[in-house]
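final-v1.pdb, holding PDB, N, CA and C atoms:
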```pdb
ATOM      1  N   MET Q   1      10.392  20.493  -5.843
ATOM      2  CA  MET Q   1      11.226  19.416  -5.424
ATOM      3  C   MET Q   1      10.491  18.125  -5.775
ATOM      4  N   THR Q   2      11.195  17.172  -6.324
ATOM      5  CA  THR Q   2      10.584  15.876  -6.608
ATOM      6  C   THR Q   2      11.442  14.770  -6.017
ATOM      7  N   ARG Q   3      10.815  13.694  -5.664
ATOM      8  CA  ARG Q   3      11.500  12.519  -5.118
ATOM      9  C   ARG Q   3      10.914  11.277  -5.761
ATOM     10  N   ASP Q   4      11.735  10.269  -5.913
ATOM     11  CA  ASP Q   4      11.281   8.973  -6.395
ATOM     12  C   ASP Q   4      11.368   7.983  -5.247
ATOM     13  N   ILE Q   5      10.299   7.242  -5.037
ATOM     14  CA  ILE Q   5      10.252   6.257  -3.963
ATOM     15  C   ILE Q   5      10.004   4.892  -4.596
ATOM     16  N   GLU Q   6      10.941   3.980  -4.415
ATOM     17  CA  GLU Q   6      10.773   2.646  -4.968
ATOM     18  C   GLU Q   6       9.964   1.792  -4.008
ATOM     19  N   ALA Q   7       8.812   1.357  -4.493
ATOM     20  CA  ALA Q   7       7.929   0.511  -3.699
ATOM     21  C   ALA Q   7       7.467  -0.617  -4.616
ATOM     22  N   PRO Q   8       8.106  -1.765  -4.514
ATOM     23  CA  PRO Q   8       7.786  -2.854  -5.438
ATOM     24  C   PRO Q   8       6.286  -3.102  -5.498
ATOM     25  N   PRO Q   9       5.718  -3.290  -6.624
ATOM     26  CA  PRO Q   9       6.329  -3.508  -7.935
ATOM     27  C   PRO Q   9       6.490  -2.240  -8.765
ATOM     28  N   ALA Q  10       6.298  -1.054  -8.216
ATOM     29  CA  ALA Q  10       6.379   0.171  -9.020
ATOM     30  C   ALA Q  10       7.157   1.255  -8.278
ATOM     31  N   THR Q  11       7.533   2.278  -9.017
ATOM     32  CA  THR Q  11       8.157   3.458  -8.428
ATOM     33  C   THR Q  11       7.108   4.554  -8.324
ATOM     34  N   VAL Q  12       7.079   5.227  -7.197
ATOM     35  CA  VAL Q  12       6.137   6.328  -6.994
ATOM     36  C   VAL Q  12       6.939   7.627  -7.032
ATOM     37  N   HIS Q  13       6.490   8.566  -7.844
ATOM     38  CA  HIS Q  13       7.123   9.877  -7.960
ATOM     39  C   HIS Q  13       6.306  10.855  -7.129
ATOM     40  N   VAL Q  14       6.991  11.660  -6.325
ATOM     41  CA  VAL Q  14       6.309  12.611  -5.444
ATOM     42  C   VAL Q  14       6.861  14.005  -5.715
ATOM     43  N   ALA Q  15       5.960  14.972  -5.873
ATOM     44  CA  ALA Q  15       6.355  16.375  -6.068
ATOM     45  C   ALA Q  15       5.876  17.186  -4.869
ATOM     46  N   PHE Q  16       6.764  18.037  -4.361
ATOM     47  CA  PHE Q  16       6.439  18.901  -3.229
ATOM     48  C   PHE Q  16       6.598  20.354  -3.641
ATOM     49  N   VAL Q  17       5.733  21.224  -3.133
ATOM     50  CA  VAL Q  17       5.891  22.666  -3.277
ATOM     51  C   VAL Q  17       6.155  23.192  -1.876
ATOM     52  N   VAL Q  18       7.306  23.853  -1.702
ATOM     53  CA  VAL Q  18       7.719  24.327  -0.387
ATOM     54  C   VAL Q  18       7.676  25.848  -0.359
ATOM     55  N   ASP Q  19       7.016  26.396   0.666
ATOM     56  CA  ASP Q  19       7.037  27.836   0.914
ATOM     57  C   ASP Q  19       8.385  28.139   1.559
ATOM     58  N   THR Q  20       9.255  28.837   0.838
ATOM     59  CA  THR Q  20      10.612  29.054   1.349
ATOM     60  C   THR Q  20      10.646  29.987   2.555
ATOM     61  N   PHE Q  21       9.641  30.845   2.705
ATOM     62  CA  PHE Q  21       9.620  31.738   3.854
ATOM     63  C   PHE Q  21       9.297  30.980   5.136
ATOM     64  N   SER Q  22       8.241  30.182   5.097
ATOM     65  CA  SER Q  22       7.821  29.458   6.301
ATOM     66  C   SER Q  22       8.437  28.065   6.399
ATOM     67  N   ARG Q  23       9.101  27.629   5.315
ATOM     68  CA  ARG Q  23       9.697  26.280   5.248
ATOM     69  C   ARG Q  23       8.640  25.193   5.442
ATOM     70  N   ARG Q  24       7.473  25.441   4.908
ATOM     71  CA  ARG Q  24       6.342  24.529   5.055
ATOM     72  C   ARG Q  24       5.979  23.946   3.692
ATOM     73  N   ILE Q  25       5.646  22.671   3.661
ATOM     74  CA  ILE Q  25       5.148  22.069   2.432
ATOM     75  C   ILE Q  25       3.712  22.535   2.261
ATOM     76  N   VAL Q  26       3.457  23.256   1.165
ATOM     77  CA  VAL Q  26       2.128  23.808   0.942
ATOM     78  C   VAL Q  26       1.360  23.056  -0.135
ATOM     79  N   GLY Q  27       2.021  22.150  -0.831
ATOM     80  CA  GLY Q  27       1.354  21.343  -1.843
ATOM     81  C   GLY Q  27       2.169  20.112  -2.158
ATOM     82  N   TRP Q  28       1.487  19.044  -2.521
ATOM     83  CA  TRP Q  28       2.195  17.824  -2.893
ATOM     84  C   TRP Q  28       1.298  16.975  -3.777
ATOM     85  N   SER Q  29       1.938  16.078  -4.513
ATOM     86  CA  SER Q  29       1.219  15.168  -5.393
ATOM     87  C   SER Q  29       2.092  13.934  -5.606
ATOM     88  N   ALA Q  30       1.447  12.801  -5.858
ATOM     89  CA  ALA Q  30       2.170  11.556  -6.109
ATOM     90  C   ALA Q  30       1.584  10.868  -7.335
ATOM     91  N   ALA Q  31       2.441  10.179  -8.083
ATOM     92  CA  ALA Q  31       1.985   9.466  -9.278
ATOM     93  C   ALA Q  31       2.953   8.328  -9.588
ATOM     94  N   THR Q  32       2.472   7.365 -10.345
ATOM     95  CA  THR Q  32       3.331   6.238 -10.739
ATOM     96  C   THR Q  32       4.024   6.494 -12.070
ATOM     97  N   VAL Q  33       3.648   7.559 -12.768
ATOM     98  CA  VAL Q  33       4.319   7.942 -14.010
ATOM     99  C   VAL Q  33       4.847   9.360 -13.864
ATOM    100  N   LYS Q  34       6.016   9.602 -14.454
ATOM    101  CA  LYS Q  34       6.654  10.914 -14.343
ATOM    102  C   LYS Q  34       6.175  11.794 -15.498
ATOM    103  N   GLU Q  35       5.084  12.524 -15.238
ATOM    104  CA  GLU Q  35       4.516  13.424 -16.230
ATOM    105  C   GLU Q  35       4.306  14.795 -15.605
ATOM    106  N   THR Q  36       4.197  15.786 -16.454
ATOM    107  CA  THR Q  36       4.032  17.167 -15.992
ATOM    108  C   THR Q  36       2.789  17.347 -15.134
ATOM    109  N   VAL Q  37       1.754  16.587 -15.428
ATOM    110  CA  VAL Q  37       0.473  16.784 -14.744
ATOM    111  C   VAL Q  37       0.588  16.611 -13.231
ATOM    112  N   PHE Q  38       1.403  15.697 -12.754
ATOM    113  CA  PHE Q  38       1.467  15.505 -11.299
ATOM    114  C   PHE Q  38       2.217  16.646 -10.618
ATOM    115  N   VAL Q  39       3.150  17.285 -11.315
ATOM    116  CA  VAL Q  39       3.825  18.466 -10.757
ATOM    117  C   VAL Q  39       2.854  19.643 -10.738
ATOM    118  N   ARG Q  40       2.072  19.778 -11.802
ATOM    119  CA  ARG Q  40       1.060  20.833 -11.860
ATOM    120  C   ARG Q  40       0.021  20.652 -10.761
ATOM    121  N   ASP Q  41      -0.360  19.410 -10.485
ATOM    122  CA  ASP Q  41      -1.316  19.139  -9.406
ATOM    123  C   ASP Q  41      -0.775  19.607  -8.057
ATOM    124  N   ALA Q  42       0.517  19.390  -7.826
ATOM    125  CA  ALA Q  42       1.131  19.846  -6.571
ATOM    126  C   ALA Q  42       1.065  21.365  -6.466
ATOM    127  N   LEU Q  43       1.336  22.049  -7.571
ATOM    128  CA  LEU Q  43       1.281  23.514  -7.577
ATOM    129  C   LEU Q  43      -0.144  24.011  -7.369
ATOM    130  N   GLU Q  44      -1.116  23.375  -8.020
ATOM    131  CA  GLU Q  44      -2.513  23.773  -7.844
ATOM    132  C   GLU Q  44      -2.983  23.539  -6.407
ATOM    133  N   THR Q  45      -2.518  22.470  -5.783
ATOM    134  CA  THR Q  45      -2.845  22.223  -4.376
ATOM    135  C   THR Q  45      -2.271  23.328  -3.493
ATOM    136  N   ALA Q  46      -1.040  23.758  -3.794
ATOM    137  CA  ALA Q  46      -0.413  24.831  -3.019
ATOM    138  C   ALA Q  46      -1.189  26.131  -3.171
ATOM    139  N   ILE Q  47      -1.620  26.448  -4.388
ATOM    140  CA  ILE Q  47      -2.402  27.668  -4.620
ATOM    141  C   ILE Q  47      -3.737  27.588  -3.895
ATOM    142  N   TRP Q  48      -4.387  26.438  -3.956
ATOM    143  CA  TRP Q  48      -5.659  26.249  -3.244
ATOM    144  C   TRP Q  48      -5.457  26.447  -1.739
ATOM    145  N   GLN Q  49      -4.369  25.897  -1.205
ATOM    146  CA  GLN Q  49      -4.085  26.013   0.230
ATOM    147  C   GLN Q  49      -3.895  27.472   0.618
ATOM    148  N   ARG Q  50      -3.152  28.230  -0.197
ATOM    149  CA  ARG Q  50      -2.934  29.652   0.104
ATOM    150  C   ARG Q  50      -4.249  30.419   0.053
ATOM    151  N   ASP Q  51      -5.107  30.132  -0.944
ATOM    152  CA  ASP Q  51      -6.411  30.792  -1.030
ATOM    153  C   ASP Q  51      -7.265  30.459   0.183
ATOM    154  N   ARG Q  52      -7.222  29.205   0.614
ATOM    155  CA  ARG Q  52      -8.003  28.780   1.768
ATOM    156  C   ARG Q  52      -7.542  29.493   3.036
ATOM    157  N   ASP Q  53      -6.224  29.757   3.134
ATOM    158  CA  ASP Q  53      -5.668  30.446   4.297
ATOM    159  C   ASP Q  53      -5.763  31.959   4.177
ATOM    160  N   GLN Q  54      -6.455  32.454   3.119
ATOM    161  CA  GLN Q  54      -6.641  33.883   2.888
ATOM    162  C   GLN Q  54      -5.320  34.608   2.644
ATOM    163  N   GLN Q  55      -4.370  33.937   1.990
ATOM    164  CA  GLN Q  55      -3.092  34.551   1.631
ATOM    165  C   GLN Q  55      -2.986  34.490   0.119
ATOM    166  N   SER Q  56      -3.157  35.632  -0.538
ATOM    167  CA  SER Q  56      -3.174  35.642  -1.998
ATOM    168  C   SER Q  56      -1.803  35.287  -2.558
ATOM    169  N   VAL Q  57      -1.837  34.650  -3.726
ATOM    170  CA  VAL Q  57      -0.615  34.295  -4.440
ATOM    171  C   VAL Q  57      -0.361  35.374  -5.456
ATOM    172  N   GLN Q  58       0.840  35.979  -5.414
ATOM    173  CA  GLN Q  58       1.163  37.069  -6.327
ATOM    174  C   GLN Q  58       2.222  36.653  -7.298
TER
END
```

Take the structure I supplied and represent it as structure tokens, if you would.
Amino acid sequence: MTRDIEAPPATVHVAFVVDTFSRRIVGWSAATVKETVFVRDALETAIWQRDRDQQSVQ
């Protein structure tokens, strides 16, 4: 899921990774440019969070 937030003088793009089972945001990232890297960062944060909680990602 991504959202755009207008905050003068720039727009901030935010990407969220949601665990659909628990309905919890497990990763997120924000950037001022809409590039793939910020979405990938959100996914990597979610994977790191799952590893930290001892729940493997399959």

*Could you find all residues in chain Q that DSSP calls strand (DSSP E) from the backbone, and write them as a list in words?*
Thr2, Arg3, Asp4, Ile5, Glu6, Ala7, Ala10, Thr11, Val12, His13, Val14, Ala15, Phe16, Val17, Val18, Asp19, Arg24, Ile25, Val26, Gly27, Trp28, Ser29, Ala30 and Ala31 of chain Q

_Residues near Asp19 (chain Q), anyone? I mean within 9 Å using only C-alpha atoms, not counting same-chain ones fewer than 6 positions away, as number ranges by chain._
Q: 25-26, 46

Store the residues of this selection in a file with N, CA and C atoms, as a short mmCIF file (atom, residue, chain, number, x, y, z; two decimals), in the frame of the given file.
```cif
data_model
loop_
_atom_site.label_atom_id
_atom_site.label_comp_id
_atom_site.auth_asym_id
_atom_site.auth_seq_id
_atom_site.Cartn_x
_atom_site.Cartn_y
_atom_site.Cartn_z
N ILE Q 25 5.65 22.67 3.66
CA ILE Q 25 5.15 22.07 2.43
C ILE Q 25 3.71 22.54 2.26
N VAL Q 26 3.46 23.26 1.16
CA VAL Q 26 2.13 23.81 0.94
C VAL Q 26 1.36 23.06 -0.14
N ALA Q 46 -1.04 23.76 -3.79
CA ALA Q 46 -0.41 24.83 -3.02
C ALA Q 46 -1.19 26.13 -3.17
#
```

*Quick one: pull the distance between CA of His13 (chain Q) and CA of Thr45 (chain Q), Å, one decimal.*
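Between these atoms lies a distance of 16.3 Å.
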
*Test item, helix (DSSP H, G or I) assignment across chain Q, answer as a PyMOL selection string*: chain Q and resi 36-52

*Shell around region 31-36 of chain Q at 7 Å using all atoms listed in the file, local window under 3 positions removed, as a VMD selection string*: chain Q and resid 10 to 15 39 to 41

Export of the given selection (N, CA and C atoms) as a PDB file, in the frame of the given file:
```
ATOM      1  N   ALA Q  10       6.298  -1.054  -8.216  1.00  0.00           N
ATOM      2  CA  ALA Q  10       6.379   0.171  -9.020  1.00  0.00           C
ATOM      3  C   ALA Q  10       7.157   1.255  -8.278  1.00  0.00           C
ATOM      4  N   THR Q  11       7.533   2.278  -9.017  1.00  0.00           N
ATOM      5  CA  THR Q  11       8.157   3.458  -8.428  1.00  0.00           C
ATOM      6  C   THR Q  11       7.108   4.554  -8.324  1.00  0.00           C
ATOM      7  N   VAL Q  12       7.079   5.227  -7.197  1.00  0.00           N
ATOM      8  CA  VAL Q  12       6.137   6.328  -6.994  1.00  0.00           C
ATOM      9  C   VAL Q  12       6.939   7.627  -7.032  1.00  0.00           C
ATOM     10  N   HIS Q  13       6.490   8.566  -7.844  1.00  0.00           N
ATOM     11  CA  HIS Q  13       7.123   9.877  -7.960  1.00  0.00           C
ATOM     12  C   HIS Q  13       6.306  10.855  -7.129  1.00  0.00           C
ATOM     13  N   VAL Q  14       6.991  11.660  -6.325  1.00  0.00           N
ATOM     14  CA  VAL Q  14       6.309  12.611  -5.444  1.00  0.00           C
ATOM     15  C   VAL Q  14       6.861  14.005  -5.715  1.00  0.00           C
ATOM     16  N   ALA Q  15       5.960  14.972  -5.873  1.00  0.00           N
ATOM     17  CA  ALA Q  15       6.355  16.375  -6.068  1.00  0.00           C
ATOM     18  C   ALA Q  15       5.876  17.186  -4.869  1.00  0.00           C
ATOM     19  N   VAL Q  39       3.150  17.285 -11.315  1.00  0.00           N
ATOM     20  CA  VAL Q  39       3.825  18.466 -10.757  1.00  0.00           C
ATOM     21  C   VAL Q  39       2.854  19.643 -10.738  1.00  0.00           C
ATOM     22  N   ARG Q  40       2.072  19.778 -11.802  1.00  0.00           N
ATOM     23  CA  ARG Q  40       1.060  20.833 -11.860  1.00  0.00           C
ATOM     24  C   ARG Q  40       0.021  20.652 -10.761  1.00  0.00           C
ATOM     25  N   ASP Q  41      -0.360  19.410 -10.485  1.00  0.00           N
ATOM     26  CA  ASP Q  41      -1.316  19.139  -9.406  1.00  0.00           C
ATOM     27  C   ASP Q  41      -0.775  19.607  -8.057  1.00  0.00           C
TER      28      ASP Q  41
END
```

*asked:* I need the output of the PyMOL selection byres ((chain Q and resi 28) around 5) for this file as a VMD selection string; which residues are they?
replied: chain Q and resid 15 to 17 26 to 27 29 to 30 42

_Straight-line distance linking CA of Val37 (chain Q) with atom N of Arg24 (chain Q), stated in Å to one decimal_ = 22.6 Å

*One decimal, Å: what's the distance from CA of Val18 (chain Q) over to CA of Glu44 (chain Q), could you say?*
12.7 Å

Your completed region 16-27 of chain Q with all heavy atoms, as a PDB file, in the coordinates of the input:
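Here's the written file result10.pdb:
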```pdb
ATOM      1  N   PHE Q  16       6.764  18.037  -4.361  1.00  0.00           N
ATOM      2  CA  PHE Q  16       6.439  18.901  -3.229  1.00  0.00           C
ATOM      3  C   PHE Q  16       6.598  20.354  -3.641  1.00  0.00           C
ATOM      4  O   PHE Q  16       7.520  20.693  -4.368  1.00  0.00           O
ATOM      5  CB  PHE Q  16       7.404  18.653  -2.049  1.00  0.00           C
ATOM      6  CG  PHE Q  16       7.363  17.272  -1.501  1.00  0.00           C
ATOM      7  CD1 PHE Q  16       8.279  16.316  -1.910  1.00  0.00           C
ATOM      8  CD2 PHE Q  16       6.419  16.918  -0.555  1.00  0.00           C
ATOM      9  CE1 PHE Q  16       8.249  15.038  -1.393  1.00  0.00           C
ATOM     10  CE2 PHE Q  16       6.373  15.645  -0.034  1.00  0.00           C
ATOM     11  CZ  PHE Q  16       7.300  14.703  -0.455  1.00  0.00           C
ATOM     12  N   VAL Q  17       5.733  21.224  -3.133  1.00  0.00           N
ATOM     13  CA  VAL Q  17       5.891  22.666  -3.277  1.00  0.00           C
ATOM     14  C   VAL Q  17       6.155  23.192  -1.876  1.00  0.00           C
ATOM     15  O   VAL Q  17       5.352  22.993  -0.969  1.00  0.00           O
ATOM     16  CB  VAL Q  17       4.635  23.332  -3.880  1.00  0.00           C
ATOM     17  CG1 VAL Q  17       4.821  24.838  -3.952  1.00  0.00           C
ATOM     18  CG2 VAL Q  17       4.334  22.753  -5.257  1.00  0.00           C
ATOM     19  N   VAL Q  18       7.306  23.853  -1.702  1.00  0.00           N
ATOM     20  CA  VAL Q  18       7.719  24.327  -0.387  1.00  0.00           C
ATOM     21  C   VAL Q  18       7.676  25.848  -0.359  1.00  0.00           C
ATOM     22  O   VAL Q  18       8.221  26.516  -1.242  1.00  0.00           O
ATOM     23  CB  VAL Q  18       9.153  23.835  -0.059  1.00  0.00           C
ATOM     24  CG1 VAL Q  18       9.602  24.349   1.303  1.00  0.00           C
ATOM     25  CG2 VAL Q  18       9.223  22.318  -0.114  1.00  0.00           C
ATOM     26  N   ASP Q  19       7.016  26.396   0.666  1.00  0.00           N
ATOM     27  CA  ASP Q  19       7.037  27.836   0.914  1.00  0.00           C
ATOM     28  C   ASP Q  19       8.385  28.139   1.559  1.00  0.00           C
ATOM     29  O   ASP Q  19       8.648  27.709   2.684  1.00  0.00           O
ATOM     30  CB  ASP Q  19       5.884  28.211   1.845  1.00  0.00           C
ATOM     31  CG  ASP Q  19       5.823  29.693   2.143  1.00  0.00           C
ATOM     32  OD1 ASP Q  19       6.885  30.362   2.136  1.00  0.00           O
ATOM     33  OD2 ASP Q  19       4.722  30.182   2.408  1.00  0.00           O
ATOM     34  N   THR Q  20       9.255  28.837   0.838  1.00  0.00           N
ATOM     35  CA  THR Q  20      10.612  29.054   1.349  1.00  0.00           C
ATOM     36  C   THR Q  20      10.646  29.987   2.555  1.00  0.00           C
ATOM     37  O   THR Q  20      11.579  29.920   3.346  1.00  0.00           O
ATOM     38  CB  THR Q  20      11.535  29.606   0.250  1.00  0.00           C
ATOM     39  OG1 THR Q  20      10.968  30.796  -0.299  1.00  0.00           O
ATOM     40  CG2 THR Q  20      11.725  28.585  -0.848  1.00  0.00           C
ATOM     41  N   PHE Q  21       9.641  30.845   2.705  1.00  0.00           N
ATOM     42  CA  PHE Q  21       9.620  31.738   3.854  1.00  0.00           C
ATOM     43  C   PHE Q  21       9.297  30.980   5.136  1.00  0.00           C
ATOM     44  O   PHE Q  21       9.990  31.100   6.142  1.00  0.00           O
ATOM     45  CB  PHE Q  21       8.617  32.873   3.639  1.00  0.00           C
ATOM     46  CG  PHE Q  21       8.564  33.851   4.780  1.00  0.00           C
ATOM     47  CD1 PHE Q  21       9.581  34.777   4.963  1.00  0.00           C
ATOM     48  CD2 PHE Q  21       7.517  33.828   5.677  1.00  0.00           C
ATOM     49  CE1 PHE Q  21       9.543  35.671   6.024  1.00  0.00           C
ATOM     50  CE2 PHE Q  21       7.469  34.719   6.736  1.00  0.00           C
ATOM     51  CZ  PHE Q  21       8.491  35.630   6.904  1.00  0.00           C
ATOM     52  N   SER Q  22       8.241  30.182   5.097  1.00  0.00           N
ATOM     53  CA  SER Q  22       7.821  29.458   6.301  1.00  0.00           C
ATOM     54  C   SER Q  22       8.437  28.065   6.399  1.00  0.00           C
ATOM     55  O   SER Q  22       8.292  27.399   7.413  1.00  0.00           O
ATOM     56  CB  SER Q  22       6.292  29.324   6.328  1.00  0.00           C
ATOM     57  OG  SER Q  22       5.855  28.477   5.279  1.00  0.00           O
ATOM     58  N   ARG Q  23       9.101  27.629   5.315  1.00  0.00           N
ATOM     59  CA  ARG Q  23       9.697  26.280   5.248  1.00  0.00           C
ATOM     60  C   ARG Q  23       8.640  25.193   5.442  1.00  0.00           C
ATOM     61  O   ARG Q  23       8.878  24.170   6.058  1.00  0.00           O
ATOM     62  CB  ARG Q  23      10.821  26.120   6.259  1.00  0.00           C
ATOM     63  CG  ARG Q  23      11.966  27.054   6.021  1.00  0.00           C
ATOM     64  CD  ARG Q  23      13.064  26.797   7.014  1.00  0.00           C
ATOM     65  NE  ARG Q  23      14.120  27.776   6.855  1.00  0.00           N
ATOM     66  CZ  ARG Q  23      15.113  27.910   7.686  1.00  0.00           C
ATOM     67  NH1 ARG Q  23      15.215  27.125   8.738  1.00  0.00           N
ATOM     68  NH2 ARG Q  23      16.031  28.818   7.473  1.00  0.00           N
ATOM     69  N   ARG Q  24       7.473  25.441   4.908  1.00  0.00           N
ATOM     70  CA  ARG Q  24       6.342  24.529   5.055  1.00  0.00           C
ATOM     71  C   ARG Q  24       5.979  23.946   3.692  1.00  0.00           C
ATOM     72  O   ARG Q  24       6.012  24.644   2.685  1.00  0.00           O
ATOM     73  CB  ARG Q  24       5.168  25.329   5.608  1.00  0.00           C
ATOM     74  CG  ARG Q  24       3.972  24.529   5.991  1.00  0.00           C
ATOM     75  CD  ARG Q  24       2.906  25.422   6.559  1.00  0.00           C
ATOM     76  NE  ARG Q  24       1.940  25.644   5.483  1.00  0.00           N
ATOM     77  CZ  ARG Q  24       0.800  26.265   5.634  1.00  0.00           C
ATOM     78  NH1 ARG Q  24       0.470  26.785   6.787  1.00  0.00           N
ATOM     79  NH2 ARG Q  24      -0.014  26.406   4.626  1.00  0.00           N
ATOM     80  N   ILE Q  25       5.646  22.671   3.661  1.00  0.00           N
ATOM     81  CA  ILE Q  25       5.148  22.069   2.432  1.00  0.00           C
ATOM     82  C   ILE Q  25       3.712  22.535   2.261  1.00  0.00           C
ATOM     83  O   ILE Q  25       2.862  22.276   3.105  1.00  0.00           O
ATOM     84  CB  ILE Q  25       5.227  20.530   2.489  1.00  0.00           C
ATOM     85  CG1 ILE Q  25       6.682  20.084   2.555  1.00  0.00           C
ATOM     86  CG2 ILE Q  25       4.524  19.911   1.283  1.00  0.00           C
ATOM     87  CD1 ILE Q  25       6.865  18.596   2.765  1.00  0.00           C
ATOM     88  N   VAL Q  26       3.457  23.256   1.165  1.00  0.00           N
ATOM     89  CA  VAL Q  26       2.128  23.808   0.942  1.00  0.00           C
ATOM     90  C   VAL Q  26       1.360  23.056  -0.135  1.00  0.00           C
ATOM     91  O   VAL Q  26       0.175  23.298  -0.338  1.00  0.00           O
ATOM     92  CB  VAL Q  26       2.197  25.312   0.602  1.00  0.00           C
ATOM     93  CG1 VAL Q  26       2.669  26.103   1.813  1.00  0.00           C
ATOM     94  CG2 VAL Q  26       3.084  25.570  -0.595  1.00  0.00           C
ATOM     95  N   GLY Q  27       2.021  22.150  -0.831  1.00  0.00           N
ATOM     96  CA  GLY Q  27       1.354  21.343  -1.843  1.00  0.00           C
ATOM     97  C   GLY Q  27       2.169  20.112  -2.158  1.00  0.00           C
ATOM     98  O   GLY Q  27       3.389  20.138  -2.058  1.00  0.00           O
TER      99      GLY Q  27
END
```
